[in-house]
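**Student:** Below is final-v5.csv; it holds CSV, C-alpha atoms and all ligand atoms.
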chain,number,residue,atom,x,y,z
A,1142,MET,CA,9.1,-10.8,-3.0
A,1143,LYS,CA,11.5,-8.9,-5.3
A,1144,ILE,CA,10.0,-5.8,-6.9
A,1145,LEU,CA,11.6,-3.7,-9.6
A,1146,GLY,CA,10.5,0.0,-9.0
A,1147,ILE,CA,10.6,2.5,-11.8
A,1148,GLU,CA,10.4,6.3,-11.3
A,1149,THR,CA,10.3,8.9,-14.1
A,1150,SER,CA,7.8,11.5,-12.8
A,1151,CYS,CA,10.1,14.6,-13.0
A,1152,ASP,CA,13.8,15.0,-13.8
A,1153,GLU,CA,15.3,11.9,-12.2
A,1154,THR,CA,15.3,8.5,-13.9
A,1155,GLY,CA,15.2,5.9,-11.2
A,1156,ALA,CA,15.1,2.1,-11.0
A,1157,ALA,CA,15.7,-0.1,-8.0
A,1158,VAL,CA,15.1,-3.6,-6.7
A,1159,VAL,CA,13.6,-4.0,-3.2
A,1160,GLU,CA,12.9,-7.2,-1.3
A,1161,ASP,CA,9.8,-7.5,0.8
A,1162,GLY,CA,9.3,-3.8,0.9
A,1163,ARG,CA,12.2,-3.1,3.3
A,1164,VAL,CA,15.5,-4.4,1.9
A,1165,LEU,CA,17.2,-2.3,-0.7
A,1166,LEU,CA,19.1,-4.6,-3.1
A,1167,SER,CA,19.9,-1.8,-5.6
A,1168,ASN,CA,19.0,1.8,-6.2
A,1169,VAL,CA,20.1,3.6,-9.4
A,1170,VAL,CA,19.2,7.3,-10.1
A,1171,VAL,CA,20.4,9.4,-13.0
A,1172,SER,CA,19.7,13.1,-12.5
A,1173,GLN,CA,19.0,15.5,-15.3
A,1174,ALA,CA,19.7,18.6,-13.1
A,1175,HIS,CA,22.7,19.6,-15.2
A,1176,LEU,CA,20.5,19.9,-18.3
A,1177,HIS,CA,17.8,21.9,-16.7
A,1178,GLY,CA,20.1,24.2,-14.7
A,1179,ARG,CA,20.5,26.8,-17.3
A,1180,TYR,CA,16.7,27.3,-17.5
A,1181,GLY,CA,16.4,27.5,-13.7
A,1182,GLY,CA,13.8,24.8,-13.6
A,1183,VAL,CA,12.7,21.5,-15.3
A,1184,VAL,CA,11.8,21.8,-19.0
A,1185,PRO,CA,9.2,19.1,-19.6
A,1186,GLU,CA,10.1,18.2,-23.2
A,1187,VAL,CA,13.8,17.9,-22.3
A,1188,ALA,CA,12.9,15.7,-19.3
A,1189,ALA,CA,10.8,13.3,-21.3
A,1190,ARG,CA,13.5,12.9,-24.0
A,1191,GLN,CA,16.2,12.2,-21.4
A,1192,HIS,CA,14.1,9.6,-19.6
A,1193,LEU,CA,13.7,7.8,-23.0
A,1194,GLU,CA,17.5,7.7,-23.4
A,1195,ALA,CA,18.3,6.9,-19.8
A,1196,LEU,CA,15.6,4.5,-18.6
A,1197,LEU,CA,16.7,1.1,-20.1
A,1198,PRO,CA,20.3,1.5,-19.1
A,1199,VAL,CA,19.2,2.6,-15.6
A,1200,ILE,CA,17.0,-0.5,-15.3
A,1201,ASP,CA,19.9,-2.7,-16.5
A,1202,ALA,CA,22.2,-1.2,-13.9
A,1203,ALA,CA,19.6,-1.7,-11.1
A,1204,LEU,CA,19.3,-5.4,-12.0
A,1205,ARG,CA,23.0,-5.9,-12.2
A,1206,GLU,CA,23.6,-4.0,-8.9
A,1207,ALA,CA,21.0,-6.3,-7.2
A,1208,ARG,CA,22.7,-9.4,-8.8
A,1209,CYS,CA,19.3,-10.2,-10.4
A,1210,THR,CA,18.2,-11.2,-13.9
A,1211,PRO,CA,14.6,-10.6,-15.0
A,1212,LYS,CA,13.8,-14.2,-13.8
A,1213,ASP,CA,14.5,-13.2,-10.2
A,1214,ILE,CA,12.0,-10.3,-10.3
A,1215,ASP,CA,8.4,-11.0,-9.1
A,1216,VAL,CA,6.7,-7.7,-9.7
A,1217,VAL,CA,7.2,-4.5,-11.7
A,1218,ALA,CA,6.0,-1.3,-10.1
A,1219,VAL,CA,5.9,2.2,-11.7
A,1220,THR,CA,4.9,5.7,-10.8
A,1221,ILE,CA,1.8,6.8,-12.6
A,1222,GLY,CA,1.5,10.3,-11.1
A,1223,PRO,CA,1.5,13.0,-10.1
A,1224,GLY,CA,4.2,14.4,-12.3
A,1225,LEU,CA,5.0,15.6,-15.8
A,1226,PRO,CA,2.8,13.8,-18.4
A,1227,GLY,CA,5.5,13.2,-20.9
A,1228,SER,CA,8.0,11.9,-18.3
A,1229,LEU,CA,5.4,9.7,-16.7
A,1230,LEU,CA,4.4,8.2,-20.1
A,1231,VAL,CA,8.0,7.0,-20.7
A,1232,GLY,CA,8.2,5.2,-17.4
A,1233,VAL,CA,4.7,3.7,-17.6
A,1234,ASN,CA,5.1,2.4,-21.2
A,1235,VAL,CA,8.5,0.9,-20.5
A,1236,ALA,CA,7.1,-0.7,-17.3
A,1237,LYS,CA,4.2,-2.1,-19.3
A,1238,ALA,CA,6.4,-3.5,-22.0
A,1239,LEU,CA,8.8,-5.2,-19.4
A,1240,ALA,CA,5.9,-6.6,-17.4
A,1241,TYR,CA,4.3,-8.0,-20.5
A,1242,THR,CA,7.5,-9.5,-21.9
A,1243,TRP,CA,8.7,-11.0,-18.6
A,1244,GLY,CA,5.2,-12.2,-17.8
A,1245,LEU,CA,5.1,-10.3,-14.5
A,1246,PRO,CA,2.4,-8.4,-12.6
A,1247,LEU,CA,2.5,-4.6,-13.0
A,1248,VAL,CA,1.5,-2.3,-10.0
A,1249,ALA,CA,0.6,1.4,-10.5
A,1250,ILE,CA,2.0,3.7,-7.8
A,1251,ASN,CA,1.1,7.2,-6.6
A,1252,HIS,CA,4.4,9.2,-6.4
A,1253,LEU,CA,3.4,11.0,-3.2
A,1254,GLU,CA,2.6,7.8,-1.4
A,1255,ALA,CA,5.9,6.4,-2.6
A,1256,HIS,CA,7.8,9.3,-1.0
A,1257,VAL,CA,6.3,8.4,2.4
A,1258,TYR,CA,7.3,4.7,1.9
A,1259,ALA,CA,11.0,5.8,1.6
A,1260,ASN,CA,10.8,5.7,5.4
A,1261,TRP,CA,10.2,1.9,5.3
A,1262,LEU,CA,13.6,1.5,3.6
A,1263,VAL,CA,15.4,2.8,6.7
A,1264,GLU,CA,17.0,0.0,8.8
A,1265,GLY,CA,15.2,-0.4,12.1
A,1266,PHE,CA,12.2,1.8,11.1
A,1267,SER,CA,9.2,0.8,13.1
A,1268,PRO,CA,5.9,2.2,11.7
A,1269,GLN,CA,3.4,3.5,14.3
A,1270,LEU,CA,0.1,4.5,12.7
A,1271,PRO,CA,-1.7,6.8,12.6
A,1272,ALA,CA,1.2,8.9,11.5
A,1273,LEU,CA,1.4,12.5,10.3
A,1274,CYS,CA,3.0,12.8,6.9
A,1275,LEU,CA,4.7,15.9,5.6
A,1276,VAL,CA,5.6,15.4,1.9
A,1277,VAL,CA,7.7,18.4,0.7
A,1278,SER,CA,9.0,18.2,-2.8
A,1279,GLY,CA,9.6,20.2,-5.9
A,1280,GLY,CA,6.0,19.8,-7.0
A,1281,HIS,CA,4.0,19.3,-3.7
A,1282,THR,CA,3.7,20.3,-0.1
A,1283,GLU,CA,1.2,18.0,1.6
A,1284,LEU,CA,0.2,17.4,5.2
A,1285,ALA,CA,-1.8,14.2,5.6
A,1286,ILE,CA,-2.7,11.6,8.2
A,1287,MET,CA,-1.6,8.0,7.2
A,1288,GLU,CA,-4.2,5.8,9.0
A,1289,GLY,CA,-3.1,2.6,7.4
A,1290,HIS,CA,-1.3,1.3,4.4
A,1291,GLY,CA,-2.5,3.2,1.4
A,1292,ARG,CA,-5.0,5.1,3.5
A,1293,PHE,CA,-4.2,8.8,3.6
A,1294,SER,CA,-6.5,11.7,4.6
A,1295,SER,CA,-5.3,15.2,3.6
A,1296,LEU,CA,-5.2,18.0,6.2
A,1297,GLY,CA,-3.7,20.7,4.1
A,1298,ARG,CA,-1.4,21.6,1.3
A,1299,THR,CA,0.3,24.6,-0.4
A,1300,VAL,CA,-2.1,27.1,-2.0
A,1301,ASP,CA,0.6,28.3,-4.4
A,1302,ASP,CA,4.3,27.3,-4.8
A,1303,ALA,CA,5.5,24.0,-3.4
A,1304,ALA,CA,8.3,24.3,-0.8
A,1305,GLY,CA,10.9,22.8,-3.1
A,1306,GLU,CA,9.7,25.0,-6.0
A,1307,ALA,CA,10.2,28.0,-3.7
A,1308,PHE,CA,13.7,26.9,-2.9
A,1309,ASP,CA,14.4,26.5,-6.7
A,1310,LYS,CA,12.9,29.9,-7.6
A,1311,VAL,CA,14.7,31.8,-4.8
A,1312,ALA,CA,18.0,30.1,-5.7
A,1313,ARG,CA,17.5,31.3,-9.3
A,1314,ILE,CA,16.8,34.8,-8.1
A,1315,LEU,CA,20.0,34.7,-5.9
A,1316,GLY,CA,22.0,33.1,-8.8
A,1317,LEU,CA,22.8,30.0,-6.9
A,1318,GLY,CA,22.0,27.4,-9.5
A,1319,PHE,CA,19.6,24.4,-9.8
A,1320,PRO,CA,18.4,22.5,-7.9
A,1321,GLY,CA,18.0,25.3,-5.4
A,1322,GLY,CA,17.4,23.4,-2.2
A,1323,PRO,CA,20.9,22.0,-1.6
A,1324,ALA,CA,22.4,25.3,-2.9
A,1325,ILE,CA,20.4,27.5,-0.5
A,1326,GLU,CA,21.1,25.1,2.4
A,1327,ALA,CA,24.9,25.4,1.7
A,1328,LYS,CA,24.8,29.2,1.3
A,1329,ALA,CA,22.8,29.7,4.5
A,1330,LYS,CA,25.5,27.9,6.4
A,1331,GLU,CA,27.9,30.7,5.4
A,1332,CYS,CA,25.8,33.3,7.2
A,1333,PRO,CA,27.7,34.1,10.4
A,1334,SER,CA,25.0,35.9,12.4
A,1335,PRO,CA,21.5,35.8,10.8
A,1336,SER,CA,19.7,39.1,11.4
A,1337,LEU,CA,17.3,39.4,8.4
A,1338,ARG,CA,13.7,38.2,8.9
A,1339,LEU,CA,11.3,37.7,6.0
A,1340,PRO,CA,7.6,38.3,6.4
A,1341,ARG,CA,5.4,35.2,7.1
A,1342,ALA,CA,2.2,34.3,5.3
A,1343,ARG,CA,-1.1,34.3,7.1
A,1344,LEU,CA,-3.6,31.8,5.8
A,1345,LYS,CA,-7.2,30.9,6.4
A,1346,GLY,CA,-6.7,27.1,6.2
A,1347,PRO,CA,-5.2,26.0,9.5
A,1348,PHE,CA,-2.9,23.4,7.8
A,1349,ASP,CA,-2.3,25.1,4.4
A,1350,PHE,CA,1.0,26.7,3.3
A,1351,SER,CA,1.9,29.6,1.0
A,1352,PHE,CA,5.4,30.3,-0.2
A,1353,SER,CA,5.0,32.6,-3.2
A,1354,GLY,CA,4.9,35.7,-1.0
A,1355,ILE,CA,8.3,35.0,0.5
A,1356,LYS,CA,9.7,34.4,-2.9
A,1357,THR,CA,8.3,37.7,-4.2
A,1358,HIS,CA,9.7,39.5,-1.1
A,1359,VAL,CA,13.2,38.0,-1.9
A,1360,ALA,CA,13.0,39.2,-5.5
A,1361,ARG,CA,12.1,42.8,-4.3
A,1362,LEU,CA,14.9,42.7,-1.8
A,1363,VAL,CA,17.4,41.7,-4.4
A,1364,GLN,CA,16.1,44.5,-6.8
A,1365,GLY,CA,16.9,47.0,-4.0
A,1366,ALA,CA,13.2,47.9,-3.3
A,1367,TYR,CA,13.9,48.1,0.4
A,1368,GLY,CA,17.4,49.7,0.3
A,1369,PRO,CA,20.8,48.1,-0.5
A,1370,PRO,CA,20.3,44.3,-0.8
A,1371,PRO,CA,21.7,42.2,2.1
A,1372,PRO,CA,24.4,39.7,1.3
A,1373,VAL,CA,23.3,36.5,-0.5
A,1374,GLU,CA,24.1,34.2,2.4
A,1375,GLU,CA,21.9,36.4,4.7
A,1376,ILE,CA,19.0,36.2,2.3
A,1377,ALA,CA,19.5,32.4,1.9
A,1378,CYS,CA,19.5,31.9,5.6
A,1379,ALA,CA,16.4,34.1,6.2
A,1380,PHE,CA,14.5,32.3,3.4
A,1381,GLN,CA,15.4,28.9,4.7
A,1382,ASP,CA,14.3,29.9,8.2
A,1383,ALA,CA,11.0,31.3,6.9
A,1384,VAL,CA,10.1,28.1,5.0
A,1385,VAL,CA,11.2,25.8,7.8
A,1386,GLU,CA,9.3,27.8,10.4
A,1387,ALA,CA,6.1,27.6,8.3
A,1388,LEU,CA,6.4,23.9,7.9
A,1389,VAL,CA,7.3,23.2,11.5
A,1390,GLU,CA,4.5,25.4,12.8
A,1391,LYS,CA,1.8,23.5,10.8
A,1392,VAL,CA,3.2,20.1,11.7
A,1393,VAL,CA,3.1,20.9,15.5
A,1394,LYS,CA,-0.4,22.2,15.1
A,1395,ALA,CA,-1.5,19.1,13.2
A,1396,CYS,CA,0.0,16.9,15.9
A,1397,ARG,CA,-2.2,18.6,18.5
A,1398,HIS,CA,-5.2,18.3,16.3
A,1399,ALA,CA,-4.8,14.6,15.3
A,1400,ASP,CA,-3.0,12.8,18.1
A,1401,VAL,CA,-0.5,10.9,16.0
A,1402,ALA,CA,2.1,8.5,17.2
A,1403,GLN,CA,4.8,9.4,14.7
A,1404,ILE,CA,5.8,12.0,12.0
A,1405,LEU,CA,7.0,10.8,8.7
A,1406,LEU,CA,8.9,13.3,6.7
A,1407,ALA,CA,9.3,12.7,3.0
A,1408,GLY,CA,10.2,14.3,-0.4
A,1409,GLY,CA,13.2,16.2,-1.7
A,1410,VAL,CA,13.0,19.0,0.9
A,1411,ALA,CA,13.1,16.5,3.7
A,1412,ALA,CA,16.8,16.2,2.9
A,1413,ASN,CA,17.2,19.7,4.5
A,1414,ALA,CA,19.1,19.3,7.7
A,1415,HIS,CA,17.7,22.6,9.2
A,1416,LEU,CA,14.2,21.3,8.7
A,1417,ARG,CA,15.0,17.9,10.2
A,1418,GLN,CA,16.6,19.5,13.3
A,1419,ALA,CA,13.8,22.0,13.8
A,1420,LEU,CA,11.2,19.3,13.5
A,1421,ALA,CA,13.0,16.9,15.9
A,1422,GLN,CA,13.3,19.7,18.4
A,1423,ARG,CA,9.7,21.0,18.3
A,1424,ALA,CA,7.5,18.1,17.4
A,1425,PRO,CA,5.7,16.3,20.3
A,1426,CYS,CA,6.4,12.8,18.9
A,1427,HIS,CA,9.1,11.0,17.1
A,1428,VAL,CA,10.1,12.3,13.7
A,1429,CYS,CA,11.4,9.8,11.0
A,1430,TRP,CA,13.1,10.7,7.8
A,1431,PRO,CA,14.9,8.8,5.1
A,1432,PRO,CA,18.5,9.4,4.1
A,1433,ALA,CA,18.9,12.3,1.6
A,1434,ASN,CA,19.3,10.0,-1.4
A,1435,LEU,CA,15.9,8.4,-0.6
A,1436,CYS,CA,14.2,11.7,0.0
A,1437,THR,CA,14.7,12.9,-3.6
A,1438,ASP,CA,13.0,10.9,-6.4
A,1439,ASN,CA,14.1,7.2,-6.7
A,1440,GLY,CA,12.7,3.8,-7.8
A,1441,ALA,CA,13.3,2.2,-4.4
A,1442,MET,CA,10.4,4.1,-2.7
A,1443,VAL,CA,8.1,3.0,-5.6
A,1444,ALA,CA,9.0,-0.6,-5.1
A,1445,ALA,CA,8.6,-0.4,-1.3
A,1446,CYS,CA,5.1,1.2,-1.7
A,1447,ALA,CA,4.1,-1.5,-4.3
A,1448,TYR,CA,5.0,-4.3,-1.8
A,1449,TYR,CA,2.5,-2.9,0.8
A,1450,ARG,CA,-0.2,-2.3,-1.8
A,1451,LEU,CA,0.1,-5.9,-2.9
A,1452,THR,CA,0.3,-7.5,0.5
A,1453,GLU,CA,-1.8,-5.3,2.7
A,1454,LEU,CA,-4.3,-3.9,0.3
A,1455,ALA,CA,-4.5,-6.8,-2.2
A,1456,ASP,CA,-4.2,-4.4,-5.1
A,1457,LYS,CA,-4.9,-6.2,-8.4
A,1458,ALA,CA,-1.9,-6.1,-10.8
A,1459,SER,CA,-2.9,-5.1,-14.3
A,1460,LEU,CA,-1.3,-4.1,-17.6
A,1461,ASP,CA,-4.2,-1.7,-18.0
A,1462,VAL,CA,-2.7,1.3,-16.2
A,1463,ASP,CA,-2.4,4.8,-17.5
A,1464,VAL,CA,-0.6,8.0,-16.3
A,1465,GLN,CA,-2.5,10.3,-13.9
A,1466,PRO,CA,-0.5,13.5,-13.9
A,1467,SER,CA,-2.8,15.2,-11.3
A,1468,LEU,CA,-3.1,12.4,-8.7
A,1469,MET,CA,-3.3,13.6,-5.1
A,1470,LEU,CA,-2.5,12.2,-1.7
A,1471,GLY,CA,-5.6,11.0,0.1
B,1501,LIG,O1,11.0,14.8,-4.3
B,1501,LIG,P1,11.9,15.5,-5.3
B,1501,LIG,O2,13.2,14.8,-5.7
B,1501,LIG,O3,11.1,15.8,-6.7
B,1501,LIG,C1,9.8,16.1,-6.7
B,1501,LIG,O4,8.9,15.1,-6.5
B,1501,LIG,O5,9.5,17.2,-7.0
B,1501,LIG,O6,12.2,17.0,-4.8
B,1501,LIG,C2,13.0,17.9,-5.4
B,1501,LIG,C3,13.0,19.2,-4.7
B,1501,LIG,C4,13.7,20.3,-5.4
B,1501,LIG,O7,12.8,21.4,-5.4
B,1501,LIG,C5,14.9,20.6,-4.6
B,1501,LIG,O8,15.4,21.9,-4.6
B,1501,LIG,C6,14.5,20.1,-3.2
B,1501,LIG,O9,13.6,19.0,-3.4
B,1501,LIG,N1,15.6,19.8,-2.3
B,1501,LIG,C7,15.9,20.5,-1.2
B,1501,LIG,C8,17.1,19.9,-0.7
B,1501,LIG,N2,17.4,18.8,-1.5
B,1501,LIG,C9,16.5,18.8,-2.5
B,1501,LIG,N3,15.3,21.5,-0.6
B,1501,LIG,C10,15.8,22.0,0.5
B,1501,LIG,N4,17.0,21.5,1.1
B,1501,LIG,C11,17.6,20.5,0.5
B,1501,LIG,N5,18.7,20.0,1.1
B,1502,ZN,ZN,9.2,13.4,-5.8
Go ahead and render the structure in this file as C-alpha cells.
**Tutor:**
Amino acid sequence: MKILGIETSCDETGAAVVEDGRVLLSNVVVSQAHLHGRYGGVVPEVAARQHLEALLPVIDAALREARCTPKDIDVVAVTIGPGLPGSLLVGVNVAKALAYTWGLPLVAINHLEAHVYANWLVEGFSPQLPALCLVVSGGHTELAIMEGHGRFSSLGRTVDDAAGEAFDKVARILGLGFPGGPAIEAKAKECPSPSLRLPRARLKGPFDFSFSGIKTHVARLVQGAYGPPPPVEEIACAFQDAVVEALVEKVVKACRHADVAQILLAGGVAANAHLRQALAQRAPCHVCWPPANLCTDNGAMVAACAYYRLTELADKASLDVDVQPSLMLG
C-alpha cells in the first residue's frame, strides 16, 4: 500500500510516499525557518501563506522522487492537528481536493502520533509494546505509554513552554538565531569545561515538565542580574544540560512506574545528540530514535502512521475531515 503523507502543521511543508508503513520511497520537506528567523519564532500568517505556495510543488517533487504518478498512490494522509490553524487548513484542504480528484481514501492524522511513527521508518526497527514515548517538539513535550497502535495514554506533559520552544526562546536571548535547538547544540559543543549550573524546576506532577523558569533565569543572567554574564557557549551548555536532565529524569522515573519494553523518542528535539546519549546511558531499556531529518516535521511520519491506522485500527477513510488545532496525544 503506497500512502502519500502531507504535513503542514507548523513551518515545514512536507510530502512523502511510504510503502506499507515502513519503506520510505520519498520524503520532501521545505522549511520556512529562514523567513521566521528574524522574528525569533514562527509567525502564523506567514507560515500559512508559505504553505499555500510551497505545498503543490512539494507534493509533485515527492511523487517524482518516489517514481510514482497519482495512479500508483492508494491513500492520501494528512495532519489535522495539533498545530497552527491556518497552516493545518492549507494541508487539509489540499489533501481533500487531491483525494477527491484522484478518487482515493483520505486519512486524518494526529501530528503527535505521527512523530512517534517516525521510528517505524528506521530500517530494522522492531516495535515492542507497551513502549514509553517521549515526544519533544517546538509545540509539545509529552510523556505517554503506547499500549498498541493508536492507543496512547498520557503520563505527563509540560505545564508551560515546550522543550523545543524553550530552545528557540533561549537561542533568541543568546542571539543564536532560529531554530534554536541546532544552534544551541552547536554552541554548547564550544564550551571547553562546563561549570555553570542552572536551577531545576520542582513540580507536583511526577511526570510533568516546566521549562519557562530556566528560560527566565537565562534572560536574567544575560541582563547581568547575577554579575557579569558568563560566555554564551557556557550558558548554551548549561541550558542544554538542564533541559536534557529534566527529560531524562522523568523518562527513567516513568520506566520504573510503567514497566515498558522500549522507549520511543520523537519530535524535533529528539534530534539532539546530547539527549540521545544521556537517555541511552541512563534508561533501563532500549531507546529508539529516528534520524534527525525524520525527527523534525515531515510527511513520511504522517504516511507511516496512516498505514497502521488503516490496517490495525480499521480507521474509516472519509473526505469529511476537519482541522483540530488542539488535538492531544492519548
Ligand atoms: O517537531 P518539530 O519539527 O516541530 C514541531 O512539531 O514543533 O520540532 C521543532 C523543534 C524546534 O523548537 C527546534 O528548535 C527543535 O525542534 N530542535 C532541536 C534540535 N533540532 C530541532 N532541539 C534541540 N536540539 C536539536 N538538535
Ligand atoms: Zn512536529
**Student:** Can you pull out the residues contacting Leu1435 in chain A? Cut-off 9 Å, using all atoms listed in the file, and skip same-chain residues under 3 positions away; I want them as a ChimeraX atom specification.
**Tutor:** /A:1256,1259-1260,1262,1407-1409,1412,1431-1432,1438-1439,1441-1442
**Student:** With all atoms listed in the file counted, collect every polymer residue having an atom within 9 Å of ligand ZN 1502 (chain B); state the result as a PyMOL selection string.
**Tutor:** chain A and resi 1150-1151+1153+1223-1224+1252-1253+1255-1256+1276-1281+1407-1409+1436-1439
**Student:** Contacts of Gly1222 in chain A at 10 Å or less, counting only C-alpha atoms, minus same-chain residues fewer than 3 places along, as a PyMOL selection string?
**Tutor:** chain A and resi 1148-1151+1219+1225-1226+1228-1230+1233+1249-1253+1463-1469
**Student:** Write out as a ChimeraX atom specification which residues come within 12 Å of Pro1340 in chain A when counting all atoms listed in the file, dropping same-chain ones fewer than 5 positions away.
**Tutor:** /A:1351-1359,1362,1379-1380,1382-1384,1386-1387
**Student:** Counting only C-alpha atoms, figure out which residue out of A:Pro1371, A:Ala1304, A:His1398, A:Ala1366 gets nearest to Leu1416 in chain A.
**Tutor:** A:Ala1304
**Student:** Go ahead and compute the interatomic distance for CA of Arg1361 in chain A and CA of Val1373 in chain A, in Å to one decimal.
**Tutor:**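 Taking CA of Arg1361 in chain A and CA of Val1373 in chain A, their separation equals 13.4 Å.
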**Student:** Rank nothing, just name the residue among A:Ile1214, A:Val1401, A:Cys1209, A:Ala1433 nearest to ligand LIG 1501 (chain B), using all atoms listed in the file.
**Tutor:**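 Result for the nearest residue to ligand LIG 1501 (chain B): A:Ala1433.
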**Student:** Can you pull out the residues contacting Pro1323 in chain A? Cut-off 12 Å, using all atoms listed in the file, and skip same-chain residues under 2 positions away; I want them as number ranges by chain.
**Tutor:** A: 1305, 1308-1309, 1312, 1317-1321, 1325-1330, 1377, 1381, 1409-1415, 1433, 1437
**Student:** So how far away is CA of Trp1243 in chain A from CA of Ala1455 in chain A, in Å?
**Tutor:**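 Straight-line distance from CA of Ala1455 in chain A to CA of Trp1243 in chain A works out to 21.5 Å.
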**Student:** Could you please determine the separation between CA of Gly1297 in chain A and CA of Arg1450 in chain A in Å, to one decimal place?
**Tutor:**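 CA of Gly1297 in chain A sits 24.0 Å away from CA of Arg1450 in chain A.
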**Student:** Taking 2 positions as the minimum chain separation for residues in the same chain, which residues sit within 10 Å of Tyr1180 in chain A when counting all atoms listed in the file? Answer as number ranges by chain.
**Tutor:** A: 1176-1178, 1182-1184, 1313, 1318-1319
**Student:** Can you work out which one of A:Arg1163, A:Lys1310, A:Lys1391, A:Lys1345 has the shortest atom-to-atom distance to ligand LIG 1501 (chain B), counting all atoms listed in the file?
**Tutor:**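 Of the candidates, the smallest distance to ligand LIG 1501 (chain B) is held by A:Lys1310.
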**Student:** From the options A:Val1462, A:Ala1240, A:Ser1172, A:Arg1205, which residue's atoms come nearest to His1192 in chain A, counting only C-alpha atoms?
**Tutor:**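 Closest candidate: A:Ser1172.
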**Student:** Select, from A:Glu1186, A:Asp1461, A:Glu1254, A:Glu1206, the residue with the minimum atom-to-atom distance to ligand LIG 1501 (chain B), counting all atoms listed in the file.
**Tutor:**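 Smallest separation from ligand LIG 1501 (chain B) among the options: A:Glu1254.
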**Student:** Find, counting only C-alpha atoms and all ligand atoms, the residue in A:Glu1306, A:Asp1301, A:Asp1213, A:Glu1160 that gets nearest to ligand LIG 1501 (chain B).
**Tutor:**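 Using only C-alpha atoms and all ligand atoms, ligand LIG 1501 (chain B) sits closest to A:Glu1306.
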**Student:** With all atoms of range 1411-1427 of chain A from the file as input, state the centre and edge lengths in Å to one decimal of the axis-aligned box that has 6 Å extra on each side, as JSON.
**Tutor:**
{"center_x": 12.4, "center_y": 16.8, "center_z": 11.6, "size_x": 25.4, "size_y": 23.6, "size_z": 29.4}
**Student:** Missing atoms in range 1320-1325 of chain A: can you complete it with all heavy atoms, as a JSON list (two decimals), in the frame of the given file?
**Tutor:**
[["chain", "number", "residue", "atom", "x", "y", "z"],
["A", 1320, "PRO", "N", 19.53, 22.16, -8.67],
["A", 1320, "PRO", "CA", 18.40, 22.50, -7.90],
["A", 1320, "PRO", "C", 18.69, 23.40, -6.71],
["A", 1320, "PRO", "O", 19.79, 23.37, -6.16],
["A", 1320, "PRO", "CB", 17.93, 21.08, -7.34],
["A", 1320, "PRO", "CG", 19.17, 20.25, -7.36],
["A", 1320, "PRO", "CD", 20.03, 20.78, -8.47],
["A", 1321, "GLY", "N", 17.71, 24.21, -6.35],
["A", 1321, "GLY", "CA", 18.00, 25.30, -5.40],
["A", 1321, "GLY", "C", 18.08, 24.88, -3.95],
["A", 1321, "GLY", "O", 18.78, 25.54, -3.18],
["A", 1322, "GLY", "N", 17.40, 23.78, -3.57],
["A", 1322, "GLY", "CA", 17.40, 23.40, -2.20],
["A", 1322, "GLY", "C", 18.78, 23.19, -1.58],
["A", 1322, "GLY", "O", 19.16, 23.88, -0.61],
["A", 1323, "PRO", "N", 19.57, 22.28, -2.15],
["A", 1323, "PRO", "CA", 20.90, 22.00, -1.60],
["A", 1323, "PRO", "C", 21.78, 23.31, -1.69],
["A", 1323, "PRO", "O", 22.59, 23.58, -0.79],
["A", 1323, "PRO", "CB", 21.49, 20.94, -2.48],
["A", 1323, "PRO", "CG", 20.32, 20.32, -3.15],
["A", 1323, "PRO", "CD", 19.25, 21.34, -3.24],
["A", 1324, "ALA", "N", 21.60, 24.11, -2.76],
["A", 1324, "ALA", "CA", 22.40, 25.30, -2.90],
["A", 1324, "ALA", "C", 22.09, 26.35, -1.85],
["A", 1324, "ALA", "O", 23.00, 26.97, -1.26],
["A", 1324, "ALA", "CB", 22.16, 25.93, -4.32],
["A", 1325, "ILE", "N", 20.81, 26.52, -1.54],
["A", 1325, "ILE", "CA", 20.40, 27.50, -0.50],
["A", 1325, "ILE", "C", 20.85, 26.99, 0.88],
["A", 1325, "ILE", "O", 21.36, 27.76, 1.69],
["A", 1325, "ILE", "CB", 18.90, 27.76, -0.55],
["A", 1325, "ILE", "CG1", 18.61, 28.60, -1.78],
["A", 1325, "ILE", "CG2", 18.40, 28.45, 0.73],
["A", 1325, "ILE", "CD1", 17.22, 29.12, -1.92]]
